[in-house]
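Participant: Quick one: this structure, given as structure tokens, is what I'll be asking you about.
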Amino acid sequence: MNDQVPATTSKANPISPILDHPVDWLRTEIDRLFEDFGRPAASLFGVGNRSSIAPVPAVELVDEDKAYRLTAELPGLSDDDIDISVADGLLTIAGEKKEETERKDKGYVFSERRYGSFRRQVSLPSDVDPNAITAAFKDGVLTVTLTKDENAPARSRKIEIGQA
């Protein structure tokens, strides 16, 4: 009726049998390395994430009445760490974070250095005046105001279909 599986008395690790064989463990780690390759990083430094390559900040572009508002989350940075430029219809936000800590305790010195850089480019809408772009930075959030050019031509128009 009810099939019962007898308890095993194996000395193998019941939680992770992979750890019982070092070659299998190495194969699993190599497989995981290739699976993680190319995935976006979880943070600016990729702390706790072995696959961190070229992290980029999250951005949001909102169309307001007379301007666009672009916000970028840049936690842990200051305005001195950020560079903003505009060229050929692209807004570039770049930055670098350098963090160094050192502790001395009972004759030991603990020193840790972490570095991270990013570069994010956003195509500007055609009606933005590149000379009227401003930026502000507060509490880890960069806000870039992209003022619309009222003299810019309309972005869309209806095209009449003629006889061939």
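Here's how to read the names in the structure tokens: chain A, B, ... by the order shown, residue numbers from 1 in each chain, ligand numbers from 1 in the order shown.
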Quick one: residues within 6 Å of region 61-75 of chain A, only C-alpha atoms counted, chain neighbours fewer than 5 positions away excluded, as a PyMOL selection string?

Facilitator: chain A and resi 140-148

Participant: Please list as an mmCIF file with all heavy atoms, in the first residue's frame every residue within 7 Å of Thr92 (chain A), counting only C-alpha atoms and excluding residues in the same chain fewer than 6 positions away.

Facilitator:
```cif
data_model
loop_
_atom_site.group_PDB
_atom_site.id
_atom_site.type_symbol
_atom_site.label_atom_id
_atom_site.label_comp_id
_atom_site.auth_asym_id
_atom_site.auth_seq_id
_atom_site.Cartn_x
_atom_site.Cartn_y
_atom_site.Cartn_z
ATOM 1 N N ILE A 84 29.310 64.250 -16.494
ATOM 2 C CA ILE A 84 28.189 64.258 -17.436
ATOM 3 C C ILE A 84 28.611 65.066 -18.662
ATOM 4 O O ILE A 84 29.152 66.161 -18.525
ATOM 5 C CB ILE A 84 26.933 64.908 -16.815
ATOM 6 C CG1 ILE A 84 26.581 64.221 -15.504
ATOM 7 C CG2 ILE A 84 25.758 64.836 -17.779
ATOM 8 C CD1 ILE A 84 25.541 64.961 -14.703
ATOM 9 N N SER A 85 28.352 64.514 -19.853
ATOM 10 C CA SER A 85 28.674 65.231 -21.082
ATOM 11 C C SER A 85 27.617 64.934 -22.141
ATOM 12 O O SER A 85 26.878 63.954 -22.041
ATOM 13 C CB SER A 85 30.070 64.836 -21.596
ATOM 14 O OG SER A 85 30.109 63.460 -21.894
ATOM 15 N N VAL A 86 27.564 65.810 -23.156
ATOM 16 C CA VAL A 86 26.631 65.614 -24.260
ATOM 17 C C VAL A 86 27.388 65.844 -25.564
ATOM 18 O O VAL A 86 28.166 66.788 -25.687
ATOM 19 C CB VAL A 86 25.388 66.536 -24.140
ATOM 20 C CG1 VAL A 86 25.766 67.992 -24.209
ATOM 21 C CG2 VAL A 86 24.357 66.199 -25.184
ATOM 22 N N ARG A 120 27.230 55.194 -18.773
ATOM 23 C CA ARG A 120 25.884 54.984 -19.297
ATOM 24 C C ARG A 120 25.601 56.058 -20.328
ATOM 25 O O ARG A 120 25.783 57.242 -20.056
ATOM 26 C CB ARG A 120 24.868 55.053 -18.142
ATOM 27 C CG ARG A 120 23.428 54.858 -18.532
ATOM 28 C CD ARG A 120 23.130 53.388 -18.729
ATOM 29 N NE ARG A 120 21.843 53.157 -19.323
ATOM 30 C CZ ARG A 120 20.795 52.649 -18.700
ATOM 31 N NH1 ARG A 120 20.877 52.327 -17.432
ATOM 32 N NH2 ARG A 120 19.678 52.451 -19.333
ATOM 33 N N GLN A 121 25.160 55.655 -21.524
ATOM 34 C CA GLN A 121 24.820 56.610 -22.569
ATOM 35 C C GLN A 121 23.340 56.509 -22.889
ATOM 36 O O GLN A 121 22.792 55.409 -22.976
ATOM 37 C CB GLN A 121 25.641 56.349 -23.829
ATOM 38 C CG GLN A 121 27.108 56.683 -23.643
ATOM 39 C CD GLN A 121 27.889 56.556 -24.931
ATOM 40 O OE1 GLN A 121 27.708 55.604 -25.671
ATOM 41 N NE2 GLN A 121 28.752 57.515 -25.181
ATOM 42 N N VAL A 122 22.715 57.684 -23.052
ATOM 43 C CA VAL A 122 21.292 57.754 -23.344
ATOM 44 C C VAL A 122 21.116 58.635 -24.579
ATOM 45 O O VAL A 122 21.644 59.745 -24.635
ATOM 46 C CB VAL A 122 20.511 58.368 -22.151
ATOM 47 C CG1 VAL A 122 19.036 58.490 -22.476
ATOM 48 C CG2 VAL A 122 20.731 57.556 -20.895
#
```

Participant: Which residue out of A:Ala58, A:Val109, A:Ile161, A:Val23 has the minimum interatomic distance to Ile93 (chain A) when only C-alpha atoms are used?

Facilitator: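 Nearest to Ile93 (chain A): A:Ala58.
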
Participant: So how many Å separate CA of Gly116 (chain A) and CA of Glu96 (chain A), to one decimal?

Facilitator: 5.7 Å

Participant: Restricting the calculation to only C-alpha atoms: of A:Asp83, A:Glu60, A:Glu100, A:Glu160, which residue gets closest to Arg119 (chain A)?

Facilitator: A:Asp83

Participant: Please provide as a PyMOL selection string all residues within 12 Å of Lys97 (chain A), with the sequence filter that same-chain residues fewer than 6 positions apart are discarded (counting only C-alpha atoms).

Facilitator: chain A and resi 43-45+74-83+113-118

Participant: With N, CA and C atoms retained, write the just-selected residues as an mmCIF file, in the first residue's frame.

Facilitator:
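What follows is the written file out.cif:
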```cif
data_model
loop_
_atom_site.group_PDB
_atom_site.id
_atom_site.type_symbol
_atom_site.label_atom_id
_atom_site.label_comp_id
_atom_site.auth_asym_id
_atom_site.auth_seq_id
_atom_site.Cartn_x
_atom_site.Cartn_y
_atom_site.Cartn_z
ATOM 1 N N SER A 43 25.393 45.376 -7.921
ATOM 2 C CA SER A 43 25.702 46.652 -7.301
ATOM 3 C C SER A 43 26.890 47.282 -8.008
ATOM 4 N N LEU A 44 27.230 48.490 -7.592
ATOM 5 C CA LEU A 44 28.321 49.202 -8.231
ATOM 6 C C LEU A 44 29.627 48.435 -8.119
ATOM 7 N N PHE A 45 29.863 47.806 -6.980
ATOM 8 C CA PHE A 45 31.098 47.054 -6.782
ATOM 9 C C PHE A 45 30.924 45.569 -7.041
ATOM 10 N N LEU A 74 22.707 56.576 -8.081
ATOM 11 C CA LEU A 74 24.150 56.445 -7.917
ATOM 12 C C LEU A 74 24.507 56.416 -6.432
ATOM 13 N N PRO A 75 24.086 55.377 -5.713
ATOM 14 C CA PRO A 75 24.328 55.335 -4.274
ATOM 15 C C PRO A 75 25.814 55.241 -3.947
ATOM 16 N N GLY A 76 26.195 55.944 -2.902
ATOM 17 C CA GLY A 76 27.582 55.898 -2.433
ATOM 18 C C GLY A 76 28.529 56.811 -3.180
ATOM 19 N N LEU A 77 28.043 57.535 -4.170
ATOM 20 C CA LEU A 77 28.904 58.447 -4.918
ATOM 21 C C LEU A 77 28.654 59.880 -4.477
ATOM 22 N N SER A 78 29.608 60.749 -4.786
ATOM 23 C CA SER A 78 29.417 62.183 -4.574
ATOM 24 C C SER A 78 29.427 62.850 -5.942
ATOM 25 N N ASP A 79 29.081 64.131 -5.987
ATOM 26 C CA ASP A 79 29.052 64.817 -7.275
ATOM 27 C C ASP A 79 30.437 64.918 -7.905
ATOM 28 N N ASP A 80 31.510 64.831 -7.099
ATOM 29 C CA ASP A 80 32.866 64.851 -7.631
ATOM 30 C C ASP A 80 33.214 63.549 -8.362
ATOM 31 N N ASP A 81 32.490 62.472 -8.065
ATOM 32 C CA ASP A 81 32.749 61.164 -8.686
ATOM 33 C C ASP A 81 32.052 61.007 -10.038
ATOM 34 N N ILE A 82 31.221 61.978 -10.433
ATOM 35 C CA ILE A 82 30.357 61.836 -11.608
ATOM 36 C C ILE A 82 30.767 62.835 -12.685
ATOM 37 N N ASP A 83 30.740 62.376 -13.947
ATOM 38 C CA ASP A 83 31.028 63.228 -15.098
ATOM 39 C C ASP A 83 29.864 63.104 -16.076
ATOM 40 N N ARG A 113 40.526 47.659 -0.355
ATOM 41 C CA ARG A 113 40.321 48.647 -1.409
ATOM 42 C C ARG A 113 39.309 48.096 -2.394
ATOM 43 N N ARG A 114 38.346 48.950 -2.772
ATOM 44 C CA ARG A 114 37.355 48.575 -3.780
ATOM 45 C C ARG A 114 37.242 49.715 -4.781
ATOM 46 N N TYR A 115 37.226 49.347 -6.043
ATOM 47 C CA TYR A 115 37.109 50.328 -7.108
ATOM 48 C C TYR A 115 36.012 49.882 -8.054
ATOM 49 N N GLY A 116 35.286 50.822 -8.588
ATOM 50 C CA GLY A 116 34.242 50.496 -9.555
ATOM 51 C C GLY A 116 33.995 51.696 -10.447
ATOM 52 N N SER A 117 33.801 51.441 -11.721
ATOM 53 C CA SER A 117 33.493 52.533 -12.626
ATOM 54 C C SER A 117 32.317 52.125 -13.502
ATOM 55 N N PHE A 118 31.645 53.119 -14.058
ATOM 56 C CA PHE A 118 30.503 52.856 -14.920
ATOM 57 C C PHE A 118 30.454 53.918 -15.998
#
```
